[in-house]
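So this one's input.cif, mmCIF, C-alpha atoms:
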```cif
data_model
loop_
_atom_site.label_atom_id
_atom_site.label_comp_id
_atom_site.auth_asym_id
_atom_site.auth_seq_id
_atom_site.Cartn_x
_atom_site.Cartn_y
_atom_site.Cartn_z
CA MET A 1 -53.08 -107.41 49.94
CA PRO A 2 -51.71 -107.63 46.34
CA SER A 3 -55.11 -106.59 44.97
CA ALA A 4 -55.23 -103.69 47.45
CA LEU A 5 -51.76 -102.58 46.37
CA GLY A 6 -52.87 -102.73 42.75
CA GLU A 7 -55.87 -100.53 43.56
CA ILE A 8 -53.63 -98.07 45.38
CA ALA A 9 -51.14 -97.98 42.50
CA ARG A 10 -53.81 -97.40 39.84
CA LEU A 11 -55.55 -94.67 41.84
CA PHE A 12 -52.46 -92.64 42.68
CA LEU A 13 -50.90 -93.00 39.25
CA LYS A 14 -54.13 -91.50 37.91
CA LEU A 15 -54.21 -88.72 40.49
CA GLY A 16 -50.53 -87.96 39.94
CA THR A 17 -51.15 -87.69 36.19
CA ILE A 18 -54.26 -85.49 36.24
CA GLY A 19 -53.53 -83.53 39.43
CA PHE A 20 -52.92 -80.07 38.00
CA GLY A 21 -53.71 -77.05 40.17
CA GLY A 22 -51.81 -77.58 43.42
CA PRO A 23 -52.51 -79.12 46.85
CA ALA A 24 -56.10 -77.90 47.13
CA THR A 25 -56.96 -79.66 43.87
CA HIS A 26 -55.12 -82.82 44.93
CA LEU A 27 -56.99 -83.01 48.23
CA ALA A 28 -60.33 -82.48 46.49
CA LEU A 29 -59.56 -85.29 44.04
CA MET A 30 -58.50 -87.62 46.86
CA GLU A 31 -61.61 -86.89 48.90
CA ASP A 32 -63.80 -87.69 45.92
CA GLU A 33 -61.99 -90.95 45.20
CA VAL A 34 -61.29 -92.43 48.64
CA VAL A 35 -64.26 -91.10 50.65
CA GLN A 36 -67.13 -90.70 48.19
CA ARG A 37 -66.40 -93.32 45.53
CA ARG A 38 -64.39 -96.06 47.26
CA GLY A 39 -65.24 -95.61 50.93
CA TRP A 40 -61.68 -96.35 52.05
CA LEU A 41 -61.88 -93.62 54.72
CA THR A 42 -64.69 -91.91 56.58
CA ARG A 43 -65.01 -88.19 56.08
CA GLN A 44 -63.91 -87.52 59.67
CA HIS A 45 -60.83 -89.72 59.28
CA PHE A 46 -59.96 -87.90 56.06
CA ILE A 47 -60.24 -84.52 57.83
CA ASP A 48 -58.09 -85.78 60.70
CA LEU A 49 -55.39 -86.83 58.24
CA ILE A 50 -55.45 -83.38 56.68
CA GLY A 51 -54.86 -81.95 60.14
CA ALA A 52 -51.93 -84.31 60.62
CA THR A 53 -50.27 -83.23 57.39
CA ASN A 54 -50.48 -79.63 58.54
CA LEU A 55 -48.68 -80.43 61.78
CA ILE A 56 -45.61 -82.03 60.19
CA PRO A 57 -43.19 -80.67 57.59
CA GLY A 58 -43.39 -81.73 53.97
CA PRO A 59 -45.79 -81.37 51.02
CA ASN A 60 -49.34 -81.74 52.32
CA SER A 61 -50.93 -83.47 49.34
CA THR A 62 -48.06 -85.95 48.95
CA GLU A 63 -48.24 -86.79 52.63
CA MET A 64 -51.99 -87.21 52.31
CA ALA A 65 -51.44 -89.75 49.53
CA ILE A 66 -48.93 -91.57 51.74
CA HIS A 67 -51.34 -91.55 54.71
CA ILE A 68 -54.13 -93.04 52.58
CA GLY A 69 -51.80 -95.73 51.25
CA PHE A 70 -50.76 -96.58 54.82
CA VAL A 71 -54.36 -96.87 56.01
CA ARG A 72 -55.35 -99.00 53.02
CA GLY A 73 -52.27 -101.20 52.61
CA GLY A 74 -49.88 -100.79 55.51
CA VAL A 75 -46.23 -99.92 54.93
CA ALA A 76 -46.30 -101.45 51.45
CA GLY A 77 -49.36 -99.37 50.59
CA LEU A 78 -47.63 -96.28 51.92
CA LEU A 79 -44.67 -96.81 49.58
CA VAL A 80 -46.85 -97.63 46.58
CA ALA A 81 -49.14 -94.62 47.06
CA GLY A 82 -46.31 -92.16 47.57
CA VAL A 83 -44.17 -93.37 44.68
CA CYS A 84 -47.10 -93.60 42.26
CA PHE A 85 -48.36 -90.12 43.15
CA ILE A 86 -44.91 -88.57 42.73
CA ALA A 87 -43.74 -90.55 39.67
CA PRO A 88 -45.68 -88.79 36.86
CA ALA A 89 -44.46 -85.33 37.89
CA VAL A 90 -40.89 -86.55 38.36
CA LEU A 91 -40.79 -88.23 34.94
CA ILE A 92 -42.29 -85.24 33.13
CA THR A 93 -40.02 -82.81 34.98
CA THR A 94 -36.94 -84.88 34.15
CA GLY A 95 -37.86 -84.76 30.47
CA LEU A 96 -38.36 -81.00 30.63
CA ALA A 97 -35.02 -80.62 32.42
CA TRP A 98 -33.29 -82.51 29.62
CA LEU A 99 -34.89 -80.20 27.06
CA TYR A 100 -33.97 -77.16 29.15
CA VAL A 101 -30.30 -78.15 29.35
CA GLU A 102 -30.25 -78.85 25.62
CA TYR A 103 -32.29 -75.94 24.30
CA GLY A 104 -33.23 -73.63 27.18
CA GLN A 105 -30.78 -70.90 26.24
CA LEU A 106 -31.86 -70.62 22.62
CA PRO A 107 -33.09 -67.08 21.73
CA GLN A 108 -36.31 -68.50 20.29
CA ILE A 109 -37.28 -69.86 23.71
CA MET A 110 -36.12 -66.99 25.90
CA PRO A 111 -39.02 -64.60 25.09
CA MET A 112 -41.49 -67.23 26.30
CA ILE A 113 -39.48 -67.93 29.46
CA ALA A 114 -39.27 -64.18 30.07
CA GLY A 115 -43.07 -64.00 29.93
CA ILE A 116 -43.47 -67.03 32.19
CA LYS A 117 -41.42 -65.51 35.02
CA PRO A 118 -43.85 -62.69 35.93
CA ALA A 119 -46.73 -65.17 35.52
CA VAL A 120 -45.09 -67.45 38.08
CA LEU A 121 -44.65 -64.47 40.38
CA ALA A 122 -48.40 -63.85 40.11
CA ILE A 123 -49.12 -67.49 40.95
CA ILE A 124 -46.95 -67.34 44.07
CA PHE A 125 -48.50 -64.02 45.13
CA THR A 126 -52.02 -65.37 44.66
CA ALA A 127 -51.24 -68.50 46.70
CA CYS A 128 -49.71 -66.37 49.45
CA TRP A 129 -52.72 -64.05 49.45
CA ARG A 130 -55.28 -66.83 49.68
CA LEU A 131 -53.40 -68.77 52.32
CA GLY A 132 -52.53 -65.64 54.27
CA ARG A 133 -56.17 -64.63 54.60
CA LYS A 134 -56.73 -67.82 56.60
CA ALA A 135 -53.37 -68.07 58.35
CA ILE A 136 -53.14 -64.44 59.54
CA ASN A 137 -56.12 -64.42 61.89
CA GLY A 138 -54.95 -62.14 64.69
CA PRO A 139 -52.41 -59.48 65.67
CA ILE A 140 -49.85 -61.90 67.13
CA VAL A 141 -49.71 -64.16 64.10
CA ALA A 142 -49.60 -61.07 61.87
CA LEU A 143 -46.59 -59.82 63.80
CA ILE A 144 -44.94 -63.25 63.56
CA ALA A 145 -45.34 -63.16 59.77
CA LEU A 146 -44.09 -59.58 59.53
CA THR A 147 -41.07 -60.21 61.75
CA VAL A 148 -40.01 -63.47 60.07
CA GLY A 149 -40.47 -61.94 56.62
CA SER A 150 -38.44 -58.87 57.56
CA ALA A 151 -35.70 -61.02 59.11
CA SER A 152 -35.48 -63.05 55.89
CA ILE A 153 -35.21 -59.92 53.74
CA PHE A 154 -32.39 -58.60 55.95
CA GLY A 155 -30.32 -61.77 55.64
CA VAL A 156 -31.46 -64.26 58.28
CA ALA A 157 -31.49 -67.79 56.85
CA GLU A 158 -34.93 -69.22 56.19
CA ILE A 159 -34.79 -72.25 58.48
CA PRO A 160 -33.67 -70.43 61.66
CA ALA A 161 -36.21 -67.70 60.93
CA LEU A 162 -38.99 -70.26 60.48
CA LEU A 163 -38.08 -72.31 63.54
CA GLY A 164 -37.50 -69.24 65.70
CA GLY A 165 -40.83 -67.77 64.65
CA ALA A 166 -42.63 -71.08 65.11
CA PHE A 167 -41.40 -72.03 68.58
CA LEU A 168 -41.24 -68.59 70.16
CA GLY A 169 -44.48 -67.58 68.45
CA THR A 170 -46.12 -70.69 69.89
CA VAL A 171 -45.15 -69.62 73.39
CA CYS A 172 -46.61 -66.16 72.84
CA LEU A 173 -49.83 -67.57 71.38
CA LEU A 174 -50.26 -69.94 74.31
CA VAL A 175 -49.75 -67.09 76.76
CA SER A 176 -52.12 -64.77 74.92
CA ARG A 177 -54.82 -67.43 74.61
CA ARG A 178 -54.55 -68.19 78.30
CA ARG A 179 -54.89 -64.47 79.08
CA PRO A 180 -57.03 -63.03 76.29
CA SER A 181 -57.46 -59.70 78.07
CA ASN A 182 -53.73 -58.95 78.21
CA ARG A 183 -53.03 -56.59 75.33
CA ASN A 184 -49.32 -56.42 76.00
CA GLN A 185 -48.70 -59.87 74.52
CA THR A 186 -48.49 -58.66 70.92
CA PRO A 187 -45.26 -56.64 71.28
CA VAL A 188 -43.85 -59.45 73.41
CA ALA A 189 -44.51 -61.87 70.56
CA GLY A 190 -42.75 -59.63 68.07
CA ALA A 191 -39.74 -59.22 70.31
CA ALA A 192 -39.51 -62.96 70.92
CA VAL A 193 -39.74 -63.85 67.24
CA LEU A 194 -37.18 -61.21 66.29
CA LEU A 195 -34.86 -62.47 69.03
CA GLY A 196 -35.12 -66.04 67.77
CA ALA A 197 -34.39 -64.97 64.21
CA GLY A 198 -31.50 -62.82 65.38
CA LEU A 199 -30.01 -65.73 67.32
CA GLY A 200 -30.10 -67.83 64.16
CA LYS A 201 -28.22 -65.07 62.35
CA SER A 202 -25.67 -64.22 65.03
CA ALA A 203 -24.78 -67.85 65.65
CA THR A 204 -23.71 -68.35 62.07
CA GLY A 205 -22.67 -64.96 60.79
CA GLY A 206 -25.94 -64.65 58.88
CA SER A 207 -25.92 -67.95 57.03
CA GLY A 208 -28.09 -70.03 59.38
CA TRP A 209 -26.96 -72.94 61.56
CA LEU A 210 -28.48 -75.62 59.35
CA SER A 211 -27.19 -74.05 56.15
CA ALA A 212 -23.63 -73.31 57.21
CA PRO A 213 -21.98 -76.68 56.38
CA LEU A 214 -23.41 -76.77 52.88
CA ALA A 215 -22.71 -73.10 52.28
CA THR A 216 -19.06 -73.61 53.24
CA ALA A 217 -18.73 -76.63 51.00
CA GLY A 218 -20.24 -74.81 48.05
CA ALA A 219 -18.00 -71.80 48.58
CA LEU A 220 -14.87 -73.95 48.71
CA THR A 221 -15.57 -76.22 45.77
CA GLY A 222 -17.55 -73.83 43.59
CA ALA A 223 -19.71 -76.77 42.50
CA ALA A 224 -22.16 -79.19 44.04
CA THR A 225 -21.44 -82.83 44.77
CA LEU A 226 -24.17 -85.46 44.85
CA THR A 227 -23.80 -85.77 48.62
CA GLU A 228 -24.16 -82.03 49.15
CA LEU A 229 -27.12 -81.89 46.76
CA GLY A 230 -28.86 -84.78 48.51
CA LEU A 231 -28.24 -83.34 51.98
CA PHE A 232 -29.51 -79.92 50.92
CA PHE A 233 -32.84 -81.30 49.68
CA LEU A 234 -33.08 -83.75 52.60
CA LYS A 235 -32.84 -80.75 54.93
CA ILE A 236 -35.52 -78.92 52.94
CA GLY A 237 -37.87 -81.91 53.00
CA ALA A 238 -37.40 -82.23 56.77
CA VAL A 239 -38.31 -78.61 57.63
CA LEU A 240 -40.64 -77.45 54.84
CA TYR A 241 -43.84 -76.28 56.51
CA GLY A 242 -46.82 -74.57 54.96
CA THR A 243 -47.19 -75.02 51.23
CA GLY A 244 -44.91 -76.17 48.43
CA TYR A 245 -44.58 -72.54 47.36
CA VAL A 246 -42.51 -71.87 50.49
CA LEU A 247 -39.89 -74.05 48.77
CA VAL A 248 -39.08 -71.05 46.59
CA ALA A 249 -37.92 -69.11 49.66
CA TYR A 250 -35.54 -71.87 50.72
CA LEU A 251 -34.17 -72.30 47.20
CA GLN A 252 -33.64 -68.56 46.80
CA GLY A 253 -31.76 -68.26 50.08
CA GLY A 254 -29.83 -71.54 49.83
CA LEU A 255 -29.06 -72.33 46.20
CA VAL A 256 -28.97 -68.79 44.79
CA ASP A 257 -27.79 -66.47 47.57
CA ARG A 258 -25.46 -68.69 49.60
CA LEU A 259 -24.28 -71.66 47.57
CA GLY A 260 -24.44 -70.12 44.11
CA TRP A 261 -25.33 -73.43 42.47
CA LEU A 262 -28.26 -71.80 40.68
CA THR A 263 -28.83 -68.35 39.21
CA GLN A 264 -31.99 -66.44 40.03
CA ASP A 265 -33.08 -66.79 36.41
CA GLN A 266 -32.63 -70.57 36.64
CA LEU A 267 -34.67 -70.61 39.85
CA LEU A 268 -37.53 -68.77 38.18
CA ASP A 269 -37.26 -71.09 35.18
CA ALA A 270 -37.38 -74.10 37.51
CA VAL A 271 -40.53 -72.87 39.24
CA ALA A 272 -42.10 -71.97 35.90
CA ILE A 273 -41.40 -75.38 34.39
CA GLY A 274 -42.65 -77.01 37.58
CA GLN A 275 -46.04 -75.38 36.96
CA PHE A 276 -46.44 -77.34 33.72
CA THR A 277 -46.42 -80.65 35.55
CA PRO A 278 -49.18 -82.30 37.57
CA GLY A 279 -48.59 -83.58 41.07
CA PRO A 280 -46.58 -81.98 43.91
CA ILE A 281 -44.71 -78.74 43.26
CA LEU A 282 -41.73 -80.21 45.10
CA SER A 283 -40.92 -82.05 41.88
CA THR A 284 -39.17 -78.74 41.13
CA ALA A 285 -36.33 -80.36 43.10
CA THR A 286 -36.05 -82.94 40.31
CA PHE A 287 -35.53 -80.21 37.74
CA ILE A 288 -32.99 -78.36 39.88
CA GLY A 289 -31.03 -81.51 40.66
CA TYR A 290 -30.80 -82.28 36.95
CA VAL A 291 -29.73 -78.77 35.95
CA VAL A 292 -27.16 -78.35 38.75
CA MET A 293 -25.39 -81.64 38.02
CA ALA A 294 -25.77 -81.52 34.22
CA GLU A 295 -23.78 -78.29 34.16
CA GLN A 296 -20.84 -80.27 35.55
CA GLY A 297 -21.09 -83.67 33.90
CA GLY A 298 -23.68 -83.64 31.13
CA HIS A 299 -27.00 -85.47 30.94
CA ALA A 300 -25.86 -88.64 32.74
CA ALA A 301 -24.80 -86.58 35.77
CA GLY A 302 -28.02 -84.58 35.45
CA LEU A 303 -30.11 -87.74 35.68
CA THR A 304 -28.24 -88.82 38.81
CA GLY A 305 -28.74 -85.36 40.28
CA ALA A 306 -32.47 -85.49 39.55
CA VAL A 307 -32.84 -88.83 41.34
CA THR A 308 -30.75 -87.66 44.30
CA ALA A 309 -32.63 -84.38 44.77
CA THR A 310 -36.01 -86.09 44.41
CA ALA A 311 -35.16 -88.79 46.95
CA GLY A 312 -33.81 -86.22 49.38
CA VAL A 313 -36.79 -83.87 49.32
CA PHE A 314 -39.49 -86.58 49.57
CA LEU A 315 -37.86 -89.11 51.93
CA PRO A 316 -38.76 -87.22 55.17
CA SER A 317 -42.45 -87.32 54.24
CA PHE A 318 -42.49 -91.12 54.14
CA VAL A 319 -40.72 -91.36 57.50
CA LEU A 320 -42.92 -88.74 59.18
CA VAL A 321 -46.15 -90.38 58.00
CA ILE A 322 -45.04 -93.75 59.37
CA VAL A 323 -44.39 -92.09 62.74
CA THR A 324 -47.49 -89.89 62.94
CA ASN A 325 -50.22 -91.97 61.31
CA PRO A 326 -50.92 -94.14 64.38
CA ILE A 327 -51.25 -91.08 66.66
CA VAL A 328 -53.40 -88.93 64.38
CA PRO A 329 -56.51 -89.19 66.64
CA ARG A 330 -54.56 -87.51 69.48
CA LEU A 331 -52.84 -84.73 67.51
CA ARG A 332 -55.81 -82.36 67.48
CA ARG A 333 -56.61 -82.61 71.17
CA PHE A 334 -53.74 -80.46 72.42
CA ARG A 335 -53.83 -76.69 72.59
CA GLY A 336 -50.07 -76.61 72.08
CA THR A 337 -50.19 -78.27 68.66
CA ALA A 338 -52.90 -75.86 67.52
CA SER A 339 -50.82 -72.86 68.61
CA PHE A 340 -47.70 -74.32 67.00
CA LEU A 341 -49.57 -74.79 63.72
CA ASP A 342 -50.79 -71.19 63.80
CA ALA A 343 -47.25 -69.91 64.42
CA VAL A 344 -45.74 -72.10 61.70
CA ASN A 345 -48.31 -71.00 59.15
CA ALA A 346 -47.72 -67.34 59.99
CA ALA A 347 -43.94 -67.73 59.70
CA SER A 348 -44.38 -69.52 56.37
CA MET A 349 -46.48 -66.65 55.08
CA GLY A 350 -43.72 -64.25 56.12
CA LEU A 351 -41.15 -66.25 54.16
CA MET A 352 -43.40 -66.34 51.12
CA ALA A 353 -43.90 -62.58 51.25
CA ALA A 354 -40.13 -62.04 51.50
CA VAL A 355 -39.38 -64.16 48.45
CA ILE A 356 -42.14 -62.43 46.47
CA ILE A 357 -40.45 -59.09 47.15
CA GLU A 358 -37.02 -60.42 46.14
CA LEU A 359 -38.26 -62.00 42.93
CA ALA A 360 -40.37 -58.96 42.04
CA MET A 361 -37.32 -56.71 42.30
CA ALA A 362 -35.32 -59.02 40.04
CA ILE A 363 -38.07 -59.25 37.44
CA PHE A 364 -39.39 -55.69 37.40
CA PHE A 365 -36.09 -53.85 37.98
CA PRO A 366 -33.43 -56.17 36.49
CA THR A 367 -30.80 -53.41 36.30
CA GLY A 368 -31.46 -52.21 39.85
CA ASP A 369 -32.59 -48.81 38.56
CA TRP A 370 -36.00 -47.74 39.91
CA ASN A 371 -36.41 -45.51 36.86
CA ALA A 372 -35.93 -48.38 34.44
CA ALA A 373 -38.89 -50.62 35.21
CA ASN A 374 -39.63 -53.59 32.97
CA PHE A 375 -43.15 -52.54 31.95
CA PRO A 376 -44.01 -55.64 29.88
CA SER A 377 -43.24 -57.87 32.86
CA LEU A 378 -45.25 -55.57 35.13
CA LEU A 379 -48.21 -55.80 32.75
CA ILE A 380 -47.97 -59.60 32.50
CA ALA A 381 -47.76 -59.98 36.29
CA LEU A 382 -50.69 -57.61 36.90
CA THR A 383 -52.88 -59.33 34.30
CA ALA A 384 -51.98 -62.79 35.59
CA THR A 385 -52.77 -61.74 39.16
CA VAL A 386 -56.18 -60.36 38.21
CA VAL A 387 -57.02 -63.50 36.20
CA ALA A 388 -55.85 -65.79 39.01
CA GLN A 389 -57.83 -63.90 41.66
CA ARG A 390 -60.97 -63.42 39.60
CA TRP A 391 -61.38 -66.68 37.66
CA LYS A 392 -59.07 -69.08 39.58
CA PRO A 393 -57.87 -71.08 36.56
CA SER A 394 -55.30 -73.85 36.82
CA ALA A 395 -51.75 -72.56 37.20
CA VAL A 396 -50.94 -74.27 33.91
CA TRP A 397 -53.11 -71.79 32.01
CA ILE A 398 -51.50 -68.85 33.80
CA VAL A 399 -48.06 -70.10 32.77
CA ILE A 400 -49.15 -70.73 29.18
CA GLY A 401 -50.67 -67.25 29.05
CA GLY A 402 -47.41 -65.76 30.31
CA ALA A 403 -45.45 -67.62 27.64
CA VAL A 404 -47.78 -66.39 24.89
CA ALA A 405 -47.60 -62.82 26.21
CA GLY A 406 -43.81 -62.93 26.34
CA LEU A 407 -43.67 -64.16 22.76
CA ALA A 408 -46.15 -61.48 21.67
CA PHE A 409 -44.09 -58.69 23.26
CA TRP A 410 -40.99 -60.06 21.55
CA LEU A 411 -42.72 -60.18 18.15
CA VAL A 412 -43.74 -56.52 18.39
CA GLY A 413 -40.22 -55.51 19.36
CA TRP A 414 -40.81 -54.98 23.08
CA PRO A 415 -39.41 -58.14 24.69
CA ALA A 416 -40.62 -58.92 28.19
CA GLY A 417 -37.27 -60.13 29.41
CA VAL A 418 -35.10 -57.03 28.95
#
```

Rewritten as structure tokens:
Amino acid sequence: MPSALGEIARLFLKLGTIGFGGPATHLALMEDEVVQRRGWLTRQHFIDLIGATNLIPGPNSTEMAIHIGFVRGGVAGLLVAGVCFIAPAVLITTGLAWLYVEYGQLPQIMPMIAGIKPAVLAIIFTACWRLGRKAINGPIVALIALTVGSASIFGVAEIPALLGGAFLGTVCLLVSRRRPSNRNQTPVAGAAVLLGAGLGKSATGGSGWLSAPLATAGALTGAATLTELGLFFLKIGAVLYGTGYVLVAYLQGGLVDRLGWLTQDQLLDAVAIGQFTPGPILSTATFIGYVVMAEQGGHAAGLTGAVTATAGVFLPSFVLVIVTNPIVPRLRRFRGTASFLDAVNAASMGLMAAVIIELAMAIFFPTGDWNAANFPSLLIALTATVVAQRWKPSAVWIVIGGAVAGLAFWLVGWPAGV
């Protein structure tokens, strides 16, 4: 077993260090290493584990690493694989957070950050577009996405909107698939999803039943405590379906809009800096935890915040893999789980679309005046989107290109951030 744990540690430290490009890249690297090269899993078992990660909340590629560690080395292997895969991104992100707190507001850096923001928007849009083309495969799921996205834009908290869309959408999908000739199911699905989202809003005055305790605490204290920070990210890790990019929607609604622990600029900076690191995008939580707590107590508090946020957001994945790994062979046999997955993916796409609209408004029309568009940012975002769609480079190169473009606009007297 010790030798197996050593193999697991070496493999996932390597994958966590070189794994730029997001979950699709991570899964491709894992398949090459554990199926083709090492033979730890059969191809069918690997595919079944991918299906399992899609049926539970949390970051898919991180959960895949944890699953593989569990299969290879039991509970000890699970812990080693997960920690080793996450560690490189967390360490790099913590270092970048320290630099950001120390130097992030310097004028010399701001032009580059201003150019990175529209590049990050292009990355999120491209991910949403690619995923949406697979997830939105019929009129009912399209209406689920549209309704959940609209509900989010109009103030319904992300978690009630997601859960309402997922569970009520599942019912409508099951009914429609049982009666494929009944064309009246589509409006029924929309009404059901909207009702579920509305219930989440009306029950809490618009803040969301899972978000209300933390929102109240933040409003009363005006600052985050470690307990509140940890609980916020624990909640996110326990309900985050879809892709790591959906995290942006939760952070926008929770940390920026309701709690006020983070500004929208800081959120965009956090996502941008997260793109520089390999490994799971949820390491953005490490950066945010550091920044939120460092503003109150300096770098020592920031380090504690980084550890707390990281532990909170990733802990549910370890627990869920332990629970689901033994029953993976049965998960794909039920029609209900397939319909639930379709509804969850559609709702996640709706949330992603909503956050893209919010962020686009903040970047392209920072003053709120439709006649005062930020044309450099528009140009950077358009160019980055075309490059991402056409050539599919790593997100790192998109971010670097945005930084260079922002600096270039600043040098010619037309800064991208104003």

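Atom pair CA of Leu255 in chain A / CA of Gly302 in chain A: separated by 16.3 Å.
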
Suppose a student applies the PyMOL selection byres ((chain A and resi 392-400) around 12) to this structure; what residues should they get, written as a ChimeraX atom specification?
/A:18-25,112-124,126-127,130,268-269,271-279,281,380-391,401-407

Between CA of Leu168 in chain A and CA of Tyr250 in chain A - distance in Å to one decimal:
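Between CA of Tyr250 in chain A and CA of Leu168 in chain A the gap is 20.5 Å.
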
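When the distance limit is 9 Å and all atoms listed in the file are what count, the residues near Leu267 in chain A, minus those fewer than 5 positions from it on the same chain, are Val248, Leu251, Gln252, Leu255, Val256, Leu262, Ala272 and Ile288 of chain A.
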
Could you check the closest approach to Asp257 in chain A for each of A:Ala89, A:Ala157, A:Leu13, A:Ile50 and tell me which residue wins, using only C-alpha atoms?
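With only C-alpha atoms as the atom set, the closest residue is A:Ala157.
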
Separation of CA of Pro376 in chain A from CA of Pro111 in chain A in Å
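According to the coordinates, CA of Pro111 in chain A and CA of Pro376 in chain A are separated by 11.3 Å.
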
Using all atoms listed in the file, which of the listed residues (A:Ala224, A:Leu49, A:Leu173, A:Leu231) sits closest to Gly138 in chain A?
A:Leu173

In the coordinates of the file, take the point (-59.5, -84.7, 55.6) and a cut-off of 12 Å; then, counting all atoms listed in the file, name each qualifying protein, DNA or RNA residue as a tab-separated table (two decimals) with C-alpha atoms, in the coordinates of the input.
```tsv
chain	number	residue	atom	x	y	z
A	24	ALA	CA	-56.10	-77.90	47.13
A	26	HIS	CA	-55.12	-82.82	44.93
A	27	LEU	CA	-56.99	-83.01	48.23
A	28	ALA	CA	-60.33	-82.48	46.49
A	29	LEU	CA	-59.56	-85.29	44.04
A	30	MET	CA	-58.50	-87.62	46.86
A	31	GLU	CA	-61.61	-86.89	48.90
A	32	ASP	CA	-63.80	-87.69	45.92
A	34	VAL	CA	-61.29	-92.43	48.64
A	35	VAL	CA	-64.26	-91.10	50.65
A	41	LEU	CA	-61.88	-93.62	54.72
A	42	THR	CA	-64.69	-91.91	56.58
A	43	ARG	CA	-65.01	-88.19	56.08
A	44	GLN	CA	-63.91	-87.52	59.67
A	45	HIS	CA	-60.83	-89.72	59.28
A	46	PHE	CA	-59.96	-87.90	56.06
A	47	ILE	CA	-60.24	-84.52	57.83
A	48	ASP	CA	-58.09	-85.78	60.70
A	49	LEU	CA	-55.39	-86.83	58.24
A	50	ILE	CA	-55.45	-83.38	56.68
A	51	GLY	CA	-54.86	-81.95	60.14
A	52	ALA	CA	-51.93	-84.31	60.62
A	53	THR	CA	-50.27	-83.23	57.39
A	54	ASN	CA	-50.48	-79.63	58.54
A	60	ASN	CA	-49.34	-81.74	52.32
A	61	SER	CA	-50.93	-83.47	49.34
A	63	GLU	CA	-48.24	-86.79	52.63
A	64	MET	CA	-51.99	-87.21	52.31
A	65	ALA	CA	-51.44	-89.75	49.53
A	67	HIS	CA	-51.34	-91.55	54.71
A	68	ILE	CA	-54.13	-93.04	52.58
A	328	VAL	CA	-53.40	-88.93	64.38
```

Counting all atoms listed in the file, which residue out of A:Thr170, A:Thr310, A:Thr17, A:Thr94 sits closest to Ala338 in chain A?
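Of A:Thr170, A:Thr310, A:Thr17, A:Thr94, the one nearest Ala338 in chain A, counting all atoms listed in the file, is A:Thr170.
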
Could you tell me which residues the PyMOL selection byres ((chain A and resi 6) around 12) grabs in this file, written as an MDAnalysis selection string?
chainID A and resid 1:5 7:13 69 72:73 76:77 80:81 84
